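Student: Can you read through this structure? Questions will come right after.
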Number of protein chains: 2
Amino acid sequence: MKEVETTHELDAPPWLRVETTLMNTARAMREAYDSRFAPLGLNLTQASLIAYLQQFGPITQTKCADHLRLGRANIGAIIDRLQERQLVERHPDAVDRRVWQVALSPLGHQLAAEVLAIDEVLRSEMRDGITRAERQALASVMTRLQANLLRASANTVG
Amino acid sequence: MKEVETTHELDAPPWLRVETTLMNTARAMREAYDSRFAPLGLNLTQASLIAYLQQFGPITQTKCADHLRLGRANIGAIIDRLQERQLVERHPDAVDRRVWQVALSPLGHQLAAEVLAIDEVLRSEMRDGITRAERQALASVMTRLQANLLRASANTVG
DNA sequence: GCCATATTGTATGTTGCTGTATAATATGCC
DNA sequence: GGCATATTATACAGCAACATACAATATGGC
């Protein structure tokens with residue numbers, strides 16, 4: 001009985017095939033981003049939030065949660081941690097006393113520049129050997145795939 | 001100052017663009033699978049394990065972990081829960097007293113058939129409006145993307 | 001056979017996310 | 001204005017993954 005290598009990455013088993021490829025790629029992407037952001041003491045989620053704040057200025061926690069597709073409870077904890085590290089600040093809203101306006105601190109702005117630079121580098125590495133046309137085709141197919149998946153989730157009995 | 005909708009799915013912001021699309025698609029896929037498997041009381045991870053056991057018979061926990069790309073500690077807990085529900089069984093290995101041979105129970109075999117049927121249905125829904133050529137192109141690009149990402153992770157200072 | 005090293009599964013603690021419940025506050029109808 | 005409803009953020013419990021450390025057992029050099 002020979003030892004068969006069953007966990008080869010790129011010639012996947014007959015079931016859950018395409019799906020596995022896509023999800024493994026997504027996982028690899030998250031890991032690559034996480035390891036690139038690690039020297040800044042950030043993971044992808046935190047870095048994305050910082051980039052978002054950089055772009056859209058002071059903004060509500062709920063907006064942050066929606067953008068990152070996280071729950072409000074979770075985003076609150078994330079902001080707590082960034083706030084402890086002096087990367088973001090919470091300012092009370094001028095008119096709505098329930099909400100915080102979350103903004104980058106000066107230190108956070110510095111870090112945001114590094115985040116964007118790292119993103120740029122990694123994106124260019126990812127593009128290696130992949131043409132613009134291929135990337136556009138990829139995006140097009142994935143958009144349709146995503147639409148199909150949303151319908152599929154909606155059609156579930158639950 | 002007009003309210004701008006910033007969380008639109010399909011016209012993404014300039015930073016973290018392609019990445020976001022891919023990772024959101026992966027997330028949508030996991031959610032779709034999870035909601036389809038929910039009536040069986042399973043999530044995608046558990047269903048994948050069951051399908052794997054169905055295909056490859058009694059097998060070691062470490063093999064399961066490698067296949068699903070999970071840690072050994074985690075897979076042990078997963079198997080614990082499936083075992084409590086009488087879906088899988090742990091048999092001692094004939095020659096190596098450290099290892100368990102994990103196998104589907106009769107009940108687990110019944111469930112495996114349902115898992116594969118659900119997978120088949122969802123896969124066909126996902127293919128809707130996407131040609132075979134497009135799917136192959138998608139796989140090809142993602143394979144290269146994944147290779148780039150592995151190189152990128154390896155090239156991290158950490 | 002004996003000992004160093006590797007491997008398997010488990011225990012334990014941490015992280016990141018979820019869902020539900022709750023308090024404070026806004027909003028809209030009357 | 002007063003009250004039902006919605007919305008914002010937080011508190012808390014739970015889950016699934018991770019990393020690390022460990023005990024039991026195998027394996028291989030000698």
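Chain labels A, B, ... are given in the sequence in which chains occur in the structure tokens; within each chain residues are numbered consecutively from 1, and ligands are likewise numbered from 1 in the order shown.
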Could you pull out the helix (DSSP H, G or I) residues of range 42-112 of chain A from DSSP and send them as JSON, numbers by chain?
Tutor: {"A": [44, 45, 46, 47, 48, 49, 50, 51, 52, 53, 54, 55, 56, 61, 62, 63, 64, 65, 66, 67, 68, 72, 73, 74, 75, 76, 77, 78, 79, 80, 81, 82, 83, 84, 106, 107, 108, 109, 110, 111, 112]}
Student: Pick out the chain B residues within 6 Å of chain A. Count only C-alpha atoms. Give them as a ChimeraX atom specification.
Tutor: /B:7,23,25-26,32,67,126,138,145-146,148,153
Student: May I have the residues from that selection written out with C-alpha atoms, as a CSV table (one decimal), in the first residue's frame?
Tutor:
chain,number,residue,atom,x,y,z
B,7,THR,CA,-20.5,50.2,1.1
B,23,MET,CA,-12.3,37.7,-0.5
B,25,THR,CA,-16.7,36.1,-3.1
B,26,ALA,CA,-15.0,33.5,-0.9
B,32,ALA,CA,-23.9,29.9,1.0
B,67,HIS,CA,-6.5,18.1,3.9
B,126,MET,CA,-23.0,28.8,-8.9
B,138,LEU,CA,-10.7,31.6,-13.6
B,145,LEU,CA,-2.4,34.2,-8.2
B,146,GLN,CA,-2.0,31.7,-5.5
B,148,ASN,CA,2.3,34.6,-6.4
B,153,SER,CA,4.3,35.3,2.0
Student: Can you check which residues of chain A DSSP gives as strand (DSSP E or B) on the backbone and send them as a VMD selection string?
Tutor: chain A and resid 59 to 60 88 to 92 100 to 104
Student: Can you work out the spacing between C1' of DC29 in chain C and CA of Gln61 in chain A in Å, to one decimal?
Tutor: 28.8 Å
Student: When the cut-off is 10 Å and we count only C-alpha atoms (C1' of nucleotides), which residues of chain B are near chain C, given as a PDB file with C-alpha atoms, in the first residue's frame?
Tutor:
ATOM      1  CA  THR B  60      -5.732   9.531  10.522  1.00  0.00           C
ATOM      2  CA  GLN B  61      -6.588  12.792  12.266  1.00  0.00           C
ATOM      3  CA  THR B  62      -3.418  14.385  10.968  1.00  0.00           C
ATOM      4  CA  ARG B  72      -4.302  19.078  14.638  1.00  0.00           C
ATOM      5  CA  ALA B  73      -5.757  20.548  17.815  1.00  0.00           C
ATOM      6  CA  ILE B  75      -9.449  18.852  13.959  1.00  0.00           C
ATOM      7  CA  GLY B  76      -9.491  16.869  17.167  1.00  0.00           C
ATOM      8  CA  ALA B  77     -12.201  19.110  18.580  1.00  0.00           C
ATOM      9  CA  ASP B  96       0.472   2.512  15.742  1.00  0.00           C
ATOM     10  CA  ARG B  97      -0.958   2.985  19.184  1.00  0.00           C
ATOM     11  CA  ARG B  98      -0.740   6.791  19.010  1.00  0.00           C
ATOM     12  CA  VAL B  99      -3.202   7.255  16.206  1.00  0.00           C
ATOM     13  CA  TRP B 100      -6.923   7.006  15.706  1.00  0.00           C
TER      14      TRP B 100
END
Student: Kindly assemble as CSV a list of the chain D residues that lie within 8 Å of chain A, each paired with its nearest atom pair and their distance in Å to one decimal, using only C-alpha atoms (C1' of nucleotides), sorted first by chain and then by ascending residue number.
Tutor:
residue,atom,partner,partner_atom,distance
D:DT8,C1',A:Arg98,CA,5.5
D:DA9,C1',A:Val99,CA,7.0
D:DT10,C1',A:Ala73,CA,7.2
Student: Take the selection from the previous step and output its residues with C-alpha atoms (C1' of nucleotides), as a PDB file, in the first residue's frame.
Tutor:
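Dumped everything to result_17.pdb:
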ATOM      1  C1'  DT D   8     -25.809  53.475  17.988  1.00  0.00           C
ATOM      2  C1'  DA D   9     -22.612  51.564  20.719  1.00  0.00           C
ATOM      3  C1'  DT D  10     -21.455  48.250  24.440  1.00  0.00           C
TER       4       DT D  10
END
Student: As an exercise, work out the distance from CA of Gln101 in chain B to CA of Glu89 in chain B in Å and give it to one decimal place.
Tutor: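 Separation of CA of Gln101 in chain B and CA of Glu89 in chain B: 8.1 Å.
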Student: Given the choices B:His91, B:Gln86, B:Gln54, B:Ile118, which gets closest to Ser105 in chain B if the distance is worked out from only C-alpha atoms?
Tutor: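 That would be B:Gln86, the residue with the smallest distance to Ser105 in chain B.
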Student: When you draw a straight line from CA of Pro106 in chain B to CA of Ala47 in chain B, how long is it in Å?
Tutor: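 Answer for the CA of Pro106 in chain B to CA of Ala47 in chain B separation: 15.5 Å.
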